[in-house]
Amino acid sequence: MQTSLWKRCIRELRADLSEQQFNTWIRPLQVVEEERSLRLLAPNRFVVDWVHANCMDQLTKVIGAETDWPEPAIVVEVGRQGLLDELAPPKPTPAPARHDARWSGGRLNNTYTFQTFVEGKSNQLARAAATQVAWNPGSAYNPLFIAGGVGLGKTHLMHSIANLMLERQPNAQVAYVHSERFVGDMVKALQHNAINDFKRAYRSLDALLIDDIQFFAGKQQSQEEFFHTFNALLEGQRQIVLTCDRYPKEVSGLEERLKSRFGWGLTVAIEPPELETSAAILMTKAAAEDVDLPEEVAFFIAQRIRSNVRELEGALRRVMANSAFTGQPITLDFAKDALRDLLAVQEKLVTIENIQKSVAGYFKIRVADLLSKSRRRSVTRPRQIAMSLAKELTSHSLPEIGDAFGGRDHTTVLHACRRIKALRETDLRVSEDYKNLLRTLTA
Amino acid sequence: MRQLPLDVQLADYAVFESFYLGSNAAAVHALGLAAAGEGSPVVWLWGPRGSGKSHLLQACVSDASQRQRNTAYLPLNLAHGLGPSMLDGMGQVDVLCIDDAGIVAGEPDWERQLFGVFENLTQHGGRLVLAASGAVAACRFGLPDLASRLMSGETYRLNGLTDEERVAALQLRASWRGLELPDETGKYLIARVDRSTGALFALLDRLDQAALAAQKRLTVPFVRSVLEQR
């Protein structure tokens, strides 16, 4: 009866609180049955205070309605129980394996679907190809090779393919495995004299999705085994999807015959998200946690963190945690304050000097050229790009940037920023150069 | 079950209750959630020496272990010599706390092993807490796959303490071992002794023993006499 009482309480609280609040404050509670009262054990006094301030009315009401206990029938205090008994609120299911097929490889994350994948210019080709493959496994593009830097959504797309395939064919044998794990499993199989089982398991699949194949580099025996698995699956018209942090040709330490086979199907690239996509990703992630993230805050975070989506997620998590902890709504000032340390670290890493070095290196000129009076095109364009980057990535003012570039006037810097902005729209080369530099500098 | 690799003992004082919060309450709360298997899958703590990183990591392990979770405290400054294979199996742990995580940055074998631990741990819903002297980006990990994952969680900087907070922290620690430390004695101590938190707490141990032996309270004259005996 107690169990159902707490369940009832949970139900009421859930309806009232946001997902984030519920996870932060209610989930960690442990419940102890006492005679005619309920004792809630909290991990620390913040949780006690919060529950007191926000949930007591609700809890008292439920307990009053369900029992004849005299008040006060509920105690909240710091403490813990030895064992999580069955009275405790349900534990969150860790990365639920929705489709626990016969194959025991990596688990599928069922929150990674095409619906939760935020599309933008930077990833729409990859998304389209992935959707095709999920609808027509083994025949559309085989293998599908997704190339792109870390934290840009390759794994998300891969899980989306697997989840959709299994939705359409629940009995399909679909395996997602990180290449590190493939290597580890193979080594284990060799040690335990079970290499034939290993081969059979992999070769009987309907679809094999291997993440981050750059980890195969230099592992000859794994490559050999993978080569045969790959051929067997391809011959049987089974789908193969691979991801890598670069194009097949660019992976050093990978056998040529593998490189060429990887190119047989379709290779698509994922680029770092544009500002708008980043902001959309942040808002989607916040919404999934039932958190209201104002657009200006999303754009602020997206603007300041450019390297990859994982880092964006880290920043968002921190803002949401602070908001849940202090009970304050997320505003621009609140976000700035919560991310102060994180952004300060970035700023320390991205200095004007740093930018000048990277730009000079990229265009194969000297830093001294950037600072000189030279007006040769081969120097002025990189100089303008460097100035724009300094404006975008540091908090220095225009006059300060001018000073740092051989004592130039702030109007020169302003002109450079405008010029580059315009060129990025019209000149593909400039746009590429700028993007590459942005990525190197913020990685 | 508590797993202690190496010959590492959790310090008996290292629990959440004996940690002076100061301006670090949000970080402490995040670690409390991690110990309970909640909150962000990965938490990165950074701050200067003596800001309490090891205390908090050990407190997290101690708390997780009281909750019957499989947990481990791993100080990489000590474990480094054992080589990356000492991380084998750590991905199965529920709550893993890695201290001095930055010192393996730039060592490919360690980084790959750590990457594997991260993947295994997060796949089964475990929690990873790491501490280092700097933020992830400042540690300069060579493996971008690892660095980006470590950045995907909550990052907290532990702020150092002001003098007033230092006195309060000392008093909290003293009261936790059943000692009463008057304000003026606290002020006296932080004005005259090496200010690092570790040194202050070590001194407290000495004062504790001396006070017990002499059956005295921690007055300024008594503390002065103990310091002069050095």
# chains A, B, ... in the order shown; residues from 1 in each chain; ligands from 1
>>> residues_around(residues="Pro221 in chain B", least_positions_apart="6", cutoff="12 Å", atoms="only C-alpha atoms", output="PyMOL selection string")
chain B and resi 184-185+188-189+227-228
>>> write_last_selection(atoms="N, CA and C atoms", output="PDB file, in the first residue's frame")
ATOM      1  N   GLU B 184      38.354  33.544  16.912  1.00  0.00           N
ATOM      2  CA  GLU B 184      39.659  34.218  16.944  1.00  0.00           C
ATOM      3  C   GLU B 184      40.805  33.220  16.743  1.00  0.00           C
ATOM      4  N   THR B 185      40.617  31.995  17.188  1.00  0.00           N
ATOM      5  CA  THR B 185      41.670  30.999  16.947  1.00  0.00           C
ATOM      6  C   THR B 185      41.765  30.713  15.441  1.00  0.00           C
ATOM      7  N   TYR B 188      43.494  33.536  13.834  1.00  0.00           N
ATOM      8  CA  TYR B 188      44.900  33.475  14.216  1.00  0.00           C
ATOM      9  C   TYR B 188      45.633  32.480  13.326  1.00  0.00           C
ATOM     10  N   LEU B 189      45.015  31.326  13.149  1.00  0.00           N
ATOM     11  CA  LEU B 189      45.657  30.267  12.368  1.00  0.00           C
ATOM     12  C   LEU B 189      45.874  30.666  10.919  1.00  0.00           C
ATOM     13  N   LEU B 227      52.185  25.669  18.243  1.00  0.00           N
ATOM     14  CA  LEU B 227      52.946  26.053  17.052  1.00  0.00           C
ATOM     15  C   LEU B 227      54.409  26.296  17.381  1.00  0.00           C
ATOM     16  N   GLU B 228      54.659  26.819  18.568  1.00  0.00           N
ATOM     17  CA  GLU B 228      56.056  27.126  18.950  1.00  0.00           C
ATOM     18  C   GLU B 228      56.857  25.867  19.203  1.00  0.00           C
TER      19      GLU B 228
END
>>> select_by_dssp(residues="range 27-186 of chain B", states="helix (DSSP H, G or I)", output="NGL selection string")
:B and (27-35 or 53-66 or 76-82 or 84-87 or 90-92 or 101-104 or 108-123 or 136-139 or 144-150 or 163-176 or 183-186)
>>> residues_around(residues="range 37-41 of chain B", least_positions_apart="5", cutoff="9 Å", atoms="only C-alpha atoms", output="list of chain:residue names")
A:Asn23, A:Thr24, A:Arg27, A:Pro28, A:Lys91, A:Pro92, A:Arg317, A:Ala321, B:Ala30, B:Leu31, B:Gly32, B:Ala64, B:Arg69, B:Asp94, B:Val95, B:Leu121, B:Thr122, B:Gly125, B:Gly126, B:Arg127, B:Leu128, B:Val129, B:Ser152, B:Gly153, B:Glu154
>>> interface_residues(of="chain B", to="chain A", cutoff="9 Å", atoms="only C-alpha atoms", output="PyMOL selection string")
chain B and resi 16-17+25-26+29-30+32-33+35-40+63+66-68+112+116+119-120+122-126+134-135+137-138+144-145+148-157
>>> residues_around(residues="Leu74 in chain B", least_positions_apart="6", cutoff="7 Å", atoms="only C-alpha atoms", output="PyMOL selection string")
chain B and resi 97-99
>>> atom_distance(atom1="CA of Val174 in chain A", atom2="CA of Leu209 in chain A")
7.8 Å
>>> atom_distance(atom1="CA of Ala207 in chain A", atom2="CA of Gln239 in chain A")
4.5 Å
>>> select_by_dssp(residues="range 114-263 of chain A", states="strand (DSSP E or B)", output="list of chain:residue names")
A:Leu144, A:Phe145, A:Ile146, A:Ala147, A:Gly148, A:Val174, A:Ala175, A:Tyr176, A:Val177, A:His178, A:Ala207, A:Leu208, A:Leu209, A:Ile210, A:Asp211, A:Gln239, A:Ile240, A:Val241, A:Leu242, A:Thr243, A:Cys244
>>> write_last_selection(atoms="N, CA and C atoms", output="PDB file, in the first residue's frame")
ATOM      1  N   LEU A 144      27.220   2.792 -46.749  1.00  0.00           N
ATOM      2  CA  LEU A 144      27.070   4.232 -46.561  1.00  0.00           C
ATOM      3  C   LEU A 144      28.199   4.668 -45.625  1.00  0.00           C
ATOM      4  N   PHE A 145      28.953   5.639 -46.093  1.00  0.00           N
ATOM      5  CA  PHE A 145      30.102   6.102 -45.316  1.00  0.00           C
ATOM      6  C   PHE A 145      29.853   7.549 -44.902  1.00  0.00           C
ATOM      7  N   ILE A 146      29.748   7.787 -43.598  1.00  0.00           N
ATOM      8  CA  ILE A 146      29.481   9.145 -43.125  1.00  0.00           C
ATOM      9  C   ILE A 146      30.765   9.713 -42.527  1.00  0.00           C
ATOM     10  N   ALA A 147      31.263  10.802 -43.120  1.00  0.00           N
ATOM     11  CA  ALA A 147      32.520  11.383 -42.659  1.00  0.00           C
ATOM     12  C   ALA A 147      32.259  12.744 -42.023  1.00  0.00           C
ATOM     13  N   GLY A 148      32.929  13.012 -40.935  1.00  0.00           N
ATOM     14  CA  GLY A 148      32.785  14.317 -40.298  1.00  0.00           C
ATOM     15  C   GLY A 148      33.519  14.347 -38.967  1.00  0.00           C
ATOM     16  N   VAL A 174      20.169  -6.264 -36.491  1.00  0.00           N
ATOM     17  CA  VAL A 174      20.881  -5.022 -36.734  1.00  0.00           C
ATOM     18  C   VAL A 174      21.857  -4.796 -35.592  1.00  0.00           C
ATOM     19  N   ALA A 175      23.115  -4.570 -35.935  1.00  0.00           N
ATOM     20  CA  ALA A 175      24.100  -4.393 -34.867  1.00  0.00           C
ATOM     21  C   ALA A 175      24.804  -3.061 -35.002  1.00  0.00           C
ATOM     22  N   TYR A 176      24.814  -2.325 -33.896  1.00  0.00           N
ATOM     23  CA  TYR A 176      25.620  -1.119 -33.834  1.00  0.00           C
ATOM     24  C   TYR A 176      26.818  -1.433 -32.958  1.00  0.00           C
ATOM     25  N   VAL A 177      27.993  -1.129 -33.430  1.00  0.00           N
ATOM     26  CA  VAL A 177      29.164  -1.377 -32.589  1.00  0.00           C
ATOM     27  C   VAL A 177      30.226  -0.315 -32.854  1.00  0.00           C
ATOM     28  N   HIS A 178      30.842   0.123 -31.777  1.00  0.00           N
ATOM     29  CA  HIS A 178      31.948   1.057 -31.935  1.00  0.00           C
ATOM     30  C   HIS A 178      33.175   0.262 -32.345  1.00  0.00           C
ATOM     31  N   ALA A 207      22.247  -5.998 -40.886  1.00  0.00           N
ATOM     32  CA  ALA A 207      22.894  -4.700 -41.049  1.00  0.00           C
ATOM     33  C   ALA A 207      23.952  -4.534 -39.972  1.00  0.00           C
ATOM     34  N   LEU A 208      25.093  -4.027 -40.388  1.00  0.00           N
ATOM     35  CA  LEU A 208      26.186  -3.790 -39.444  1.00  0.00           C
ATOM     36  C   LEU A 208      26.563  -2.316 -39.503  1.00  0.00           C
ATOM     37  N   LEU A 209      26.520  -1.667 -38.338  1.00  0.00           N
ATOM     38  CA  LEU A 209      26.856  -0.250 -38.279  1.00  0.00           C
ATOM     39  C   LEU A 209      28.073  -0.082 -37.388  1.00  0.00           C
ATOM     40  N   ILE A 210      29.161   0.383 -37.964  1.00  0.00           N
ATOM     41  CA  ILE A 210      30.397   0.522 -37.186  1.00  0.00           C
ATOM     42  C   ILE A 210      30.807   1.985 -37.102  1.00  0.00           C
ATOM     43  N   ASP A 211      30.970   2.416 -35.861  1.00  0.00           N
ATOM     44  CA  ASP A 211      31.231   3.817 -35.586  1.00  0.00           C
ATOM     45  C   ASP A 211      32.735   4.085 -35.488  1.00  0.00           C
ATOM     46  N   GLN A 239      23.204  -4.553 -45.296  1.00  0.00           N
ATOM     47  CA  GLN A 239      23.598  -3.144 -45.250  1.00  0.00           C
ATOM     48  C   GLN A 239      24.807  -2.923 -44.331  1.00  0.00           C
ATOM     49  N   ILE A 240      25.706  -2.079 -44.782  1.00  0.00           N
ATOM     50  CA  ILE A 240      26.831  -1.671 -43.951  1.00  0.00           C
ATOM     51  C   ILE A 240      26.843  -0.141 -43.855  1.00  0.00           C
ATOM     52  N   VAL A 241      26.971   0.368 -42.655  1.00  0.00           N
ATOM     53  CA  VAL A 241      27.098   1.812 -42.465  1.00  0.00           C
ATOM     54  C   VAL A 241      28.344   2.057 -41.622  1.00  0.00           C
ATOM     55  N   LEU A 242      29.160   2.994 -42.075  1.00  0.00           N
ATOM     56  CA  LEU A 242      30.404   3.282 -41.365  1.00  0.00           C
ATOM     57  C   LEU A 242      30.490   4.777 -41.088  1.00  0.00           C
ATOM     58  N   THR A 243      31.088   5.136 -39.970  1.00  0.00           N
ATOM     59  CA  THR A 243      31.395   6.549 -39.766  1.00  0.00           C
ATOM     60  C   THR A 243      32.880   6.686 -39.507  1.00  0.00           C
ATOM     61  N   CYS A 244      33.369   7.885 -39.763  1.00  0.00           N
ATOM     62  CA  CYS A 244      34.794   8.133 -39.587  1.00  0.00           C
ATOM     63  C   CYS A 244      34.995   9.633 -39.421  1.00  0.00           C
TER      64      CYS A 244
END
>>> decode(residues="range 149-183 of chain A", atoms="N, CA, C and O atoms", output="PDB file, in the first residue's frame")
ATOM      1  N   GLY A 149      33.798  15.546 -38.495  1.00  0.00           N
ATOM      2  CA  GLY A 149      34.538  15.702 -37.249  1.00  0.00           C
ATOM      3  C   GLY A 149      33.776  15.172 -36.047  1.00  0.00           C
ATOM      4  O   GLY A 149      32.631  14.732 -36.173  1.00  0.00           O
ATOM      5  N   VAL A 150      34.413  15.228 -34.885  1.00  0.00           N
ATOM      6  CA  VAL A 150      33.768  14.680 -33.688  1.00  0.00           C
ATOM      7  C   VAL A 150      32.584  15.538 -33.277  1.00  0.00           C
ATOM      8  O   VAL A 150      32.560  16.749 -33.480  1.00  0.00           O
ATOM      9  N   GLY A 151      31.598  14.863 -32.716  1.00  0.00           N
ATOM     10  CA  GLY A 151      30.473  15.573 -32.111  1.00  0.00           C
ATOM     11  C   GLY A 151      29.593  16.319 -33.088  1.00  0.00           C
ATOM     12  O   GLY A 151      29.018  17.342 -32.755  1.00  0.00           O
ATOM     13  N   LEU A 152      29.457  15.822 -34.311  1.00  0.00           N
ATOM     14  CA  LEU A 152      28.610  16.525 -35.268  1.00  0.00           C
ATOM     15  C   LEU A 152      27.334  15.753 -35.582  1.00  0.00           C
ATOM     16  O   LEU A 152      26.494  16.226 -36.337  1.00  0.00           O
ATOM     17  N   GLY A 153      27.176  14.563 -35.012  1.00  0.00           N
ATOM     18  CA  GLY A 153      25.920  13.847 -35.196  1.00  0.00           C
ATOM     19  C   GLY A 153      26.019  12.550 -35.985  1.00  0.00           C
ATOM     20  O   GLY A 153      25.001  11.992 -36.374  1.00  0.00           O
ATOM     21  N   LYS A 154      27.234  12.058 -36.217  1.00  0.00           N
ATOM     22  CA  LYS A 154      27.376  10.814 -36.981  1.00  0.00           C
ATOM     23  C   LYS A 154      26.723   9.652 -36.234  1.00  0.00           C
ATOM     24  O   LYS A 154      25.978   8.864 -36.809  1.00  0.00           O
ATOM     25  N   THR A 155      27.012   9.582 -34.941  1.00  0.00           N
ATOM     26  CA  THR A 155      26.469   8.481 -34.153  1.00  0.00           C
ATOM     27  C   THR A 155      24.949   8.574 -34.068  1.00  0.00           C
ATOM     28  O   THR A 155      24.245   7.561 -34.148  1.00  0.00           O
ATOM     29  N   HIS A 156      24.451   9.787 -33.927  1.00  0.00           N
ATOM     30  CA  HIS A 156      23.008   9.993 -33.881  1.00  0.00           C
ATOM     31  C   HIS A 156      22.358   9.441 -35.168  1.00  0.00           C
ATOM     32  O   HIS A 156      21.375   8.701 -35.115  1.00  0.00           O
ATOM     33  N   LEU A 157      22.942   9.777 -36.317  1.00  0.00           N
ATOM     34  CA  LEU A 157      22.390   9.295 -37.583  1.00  0.00           C
ATOM     35  C   LEU A 157      22.428   7.768 -37.667  1.00  0.00           C
ATOM     36  O   LEU A 157      21.490   7.127 -38.128  1.00  0.00           O
ATOM     37  N   MET A 158      23.518   7.213 -37.178  1.00  0.00           N
ATOM     38  CA  MET A 158      23.675   5.770 -37.239  1.00  0.00           C
ATOM     39  C   MET A 158      22.592   5.061 -36.413  1.00  0.00           C
ATOM     40  O   MET A 158      21.964   4.113 -36.876  1.00  0.00           O
ATOM     41  N   HIS A 159      22.406   5.553 -35.209  1.00  0.00           N
ATOM     42  CA  HIS A 159      21.360   4.963 -34.369  1.00  0.00           C
ATOM     43  C   HIS A 159      19.984   5.163 -34.998  1.00  0.00           C
ATOM     44  O   HIS A 159      19.116   4.297 -34.892  1.00  0.00           O
ATOM     45  N   SER A 160      19.802   6.312 -35.664  1.00  0.00           N
ATOM     46  CA  SER A 160      18.518   6.575 -36.305  1.00  0.00           C
ATOM     47  C   SER A 160      18.228   5.526 -37.374  1.00  0.00           C
ATOM     48  O   SER A 160      17.107   5.037 -37.492  1.00  0.00           O
ATOM     49  N   ILE A 161      19.258   5.209 -38.146  1.00  0.00           N
ATOM     50  CA  ILE A 161      19.087   4.194 -39.189  1.00  0.00           C
ATOM     51  C   ILE A 161      18.662   2.877 -38.550  1.00  0.00           C
ATOM     52  O   ILE A 161      17.673   2.249 -38.953  1.00  0.00           O
ATOM     53  N   ALA A 162      19.410   2.478 -37.531  1.00  0.00           N
ATOM     54  CA  ALA A 162      19.116   1.189 -36.883  1.00  0.00           C
ATOM     55  C   ALA A 162      17.721   1.191 -36.278  1.00  0.00           C
ATOM     56  O   ALA A 162      16.960   0.226 -36.437  1.00  0.00           O
ATOM     57  N   ASN A 163      17.363   2.276 -35.599  1.00  0.00           N
ATOM     58  CA  ASN A 163      16.047   2.328 -34.956  1.00  0.00           C
ATOM     59  C   ASN A 163      14.912   2.255 -35.967  1.00  0.00           C
ATOM     60  O   ASN A 163      13.926   1.557 -35.754  1.00  0.00           O
ATOM     61  N   LEU A 164      15.092   2.960 -37.095  1.00  0.00           N
ATOM     62  CA  LEU A 164      14.029   2.934 -38.105  1.00  0.00           C
ATOM     63  C   LEU A 164      13.942   1.558 -38.767  1.00  0.00           C
ATOM     64  O   LEU A 164      12.857   1.022 -38.997  1.00  0.00           O
ATOM     65  N   MET A 165      15.103   0.958 -39.034  1.00  0.00           N
ATOM     66  CA  MET A 165      15.096  -0.370 -39.642  1.00  0.00           C
ATOM     67  C   MET A 165      14.368  -1.359 -38.743  1.00  0.00           C
ATOM     68  O   MET A 165      13.589  -2.197 -39.216  1.00  0.00           O
ATOM     69  N   LEU A 166      14.617  -1.255 -37.450  1.00  0.00           N
ATOM     70  CA  LEU A 166      13.995  -2.200 -36.522  1.00  0.00           C
ATOM     71  C   LEU A 166      12.511  -1.910 -36.325  1.00  0.00           C
ATOM     72  O   LEU A 166      11.731  -2.810 -36.037  1.00  0.00           O
ATOM     73  N   GLU A 167      12.154  -0.644 -36.514  1.00  0.00           N
ATOM     74  CA  GLU A 167      10.752  -0.313 -36.411  1.00  0.00           C
ATOM     75  C   GLU A 167       9.991  -0.962 -37.571  1.00  0.00           C
ATOM     76  O   GLU A 167       8.888  -1.454 -37.408  1.00  0.00           O
ATOM     77  N   ARG A 168      10.650  -0.953 -38.732  1.00  0.00           N
ATOM     78  CA  ARG A 168       9.999  -1.502 -39.904  1.00  0.00           C
ATOM     79  C   ARG A 168      10.083  -3.022 -39.922  1.00  0.00           C
ATOM     80  O   ARG A 168       9.191  -3.689 -40.403  1.00  0.00           O
ATOM     81  N   GLN A 169      11.197  -3.553 -39.421  1.00  0.00           N
ATOM     82  CA  GLN A 169      11.381  -5.006 -39.403  1.00  0.00           C
ATOM     83  C   GLN A 169      11.897  -5.423 -38.034  1.00  0.00           C
ATOM     84  O   GLN A 169      13.103  -5.586 -37.843  1.00  0.00           O
ATOM     85  N   PRO A 170      10.999  -5.621 -37.098  1.00  0.00           N
ATOM     86  CA  PRO A 170      11.417  -5.874 -35.722  1.00  0.00           C
ATOM     87  C   PRO A 170      12.316  -7.104 -35.573  1.00  0.00           C
ATOM     88  O   PRO A 170      13.045  -7.209 -34.592  1.00  0.00           O
ATOM     89  N   ASN A 171      12.280  -8.004 -36.504  1.00  0.00           N
ATOM     90  CA  ASN A 171      13.106  -9.200 -36.340  1.00  0.00           C
ATOM     91  C   ASN A 171      14.472  -9.113 -37.002  1.00  0.00           C
ATOM     92  O   ASN A 171      15.254 -10.047 -36.957  1.00  0.00           O
ATOM     93  N   ALA A 172      14.727  -7.981 -37.637  1.00  0.00           N
ATOM     94  CA  ALA A 172      16.012  -7.849 -38.333  1.00  0.00           C
ATOM     95  C   ALA A 172      17.161  -7.905 -37.334  1.00  0.00           C
ATOM     96  O   ALA A 172      17.031  -7.482 -36.189  1.00  0.00           O
ATOM     97  N   GLN A 173      18.264  -8.451 -37.797  1.00  0.00           N
ATOM     98  CA  GLN A 173      19.464  -8.503 -36.968  1.00  0.00           C
ATOM     99  C   GLN A 173      20.307  -7.275 -37.294  1.00  0.00           C
ATOM    100  O   GLN A 173      21.034  -7.265 -38.278  1.00  0.00           O
ATOM    101  N   VAL A 174      20.169  -6.264 -36.491  1.00  0.00           N
ATOM    102  CA  VAL A 174      20.881  -5.022 -36.734  1.00  0.00           C
ATOM    103  C   VAL A 174      21.857  -4.796 -35.592  1.00  0.00           C
ATOM    104  O   VAL A 174      21.465  -4.850 -34.426  1.00  0.00           O
ATOM    105  N   ALA A 175      23.115  -4.570 -35.935  1.00  0.00           N
ATOM    106  CA  ALA A 175      24.100  -4.393 -34.867  1.00  0.00           C
ATOM    107  C   ALA A 175      24.804  -3.061 -35.002  1.00  0.00           C
ATOM    108  O   ALA A 175      25.304  -2.706 -36.069  1.00  0.00           O
ATOM    109  N   TYR A 176      24.814  -2.325 -33.896  1.00  0.00           N
ATOM    110  CA  TYR A 176      25.620  -1.119 -33.834  1.00  0.00           C
ATOM    111  C   TYR A 176      26.818  -1.433 -32.958  1.00  0.00           C
ATOM    112  O   TYR A 176      26.666  -1.956 -31.854  1.00  0.00           O
ATOM    113  N   VAL A 177      27.993  -1.129 -33.430  1.00  0.00           N
ATOM    114  CA  VAL A 177      29.164  -1.377 -32.589  1.00  0.00           C
ATOM    115  C   VAL A 177      30.226  -0.315 -32.854  1.00  0.00           C
ATOM    116  O   VAL A 177      30.428   0.123 -33.988  1.00  0.00           O
ATOM    117  N   HIS A 178      30.842   0.123 -31.777  1.00  0.00           N
ATOM    118  CA  HIS A 178      31.948   1.057 -31.935  1.00  0.00           C
ATOM    119  C   HIS A 178      33.175   0.262 -32.345  1.00  0.00           C
ATOM    120  O   HIS A 178      33.361  -0.855 -31.871  1.00  0.00           O
ATOM    121  N   SER A 179      34.003   0.830 -33.232  1.00  0.00           N
ATOM    122  CA  SER A 179      35.099   0.020 -33.764  1.00  0.00           C
ATOM    123  C   SER A 179      36.067  -0.411 -32.662  1.00  0.00           C
ATOM    124  O   SER A 179      36.669  -1.472 -32.742  1.00  0.00           O
ATOM    125  N   GLU A 180      36.192   0.402 -31.632  1.00  0.00           N
ATOM    126  CA  GLU A 180      37.022   0.033 -30.490  1.00  0.00           C
ATOM    127  C   GLU A 180      36.517  -1.277 -29.879  1.00  0.00           C
ATOM    128  O   GLU A 180      37.284  -2.154 -29.508  1.00  0.00           O
ATOM    129  N   ARG A 181      35.210  -1.403 -29.838  1.00  0.00           N
ATOM    130  CA  ARG A 181      34.599  -2.592 -29.261  1.00  0.00           C
ATOM    131  C   ARG A 181      34.773  -3.796 -30.189  1.00  0.00           C
ATOM    132  O   ARG A 181      35.000  -4.919 -29.738  1.00  0.00           O
ATOM    133  N   PHE A 182      34.654  -3.539 -31.498  1.00  0.00           N
ATOM    134  CA  PHE A 182      34.876  -4.605 -32.482  1.00  0.00           C
ATOM    135  C   PHE A 182      36.258  -5.207 -32.277  1.00  0.00           C
ATOM    136  O   PHE A 182      36.428  -6.419 -32.198  1.00  0.00           O
ATOM    137  N   VAL A 183      37.240  -4.305 -32.147  1.00  0.00           N
ATOM    138  CA  VAL A 183      38.615  -4.760 -31.949  1.00  0.00           C
ATOM    139  C   VAL A 183      38.721  -5.539 -30.639  1.00  0.00           C
ATOM    140  O   VAL A 183      39.276  -6.644 -30.592  1.00  0.00           O
TER     141      VAL A 183
END
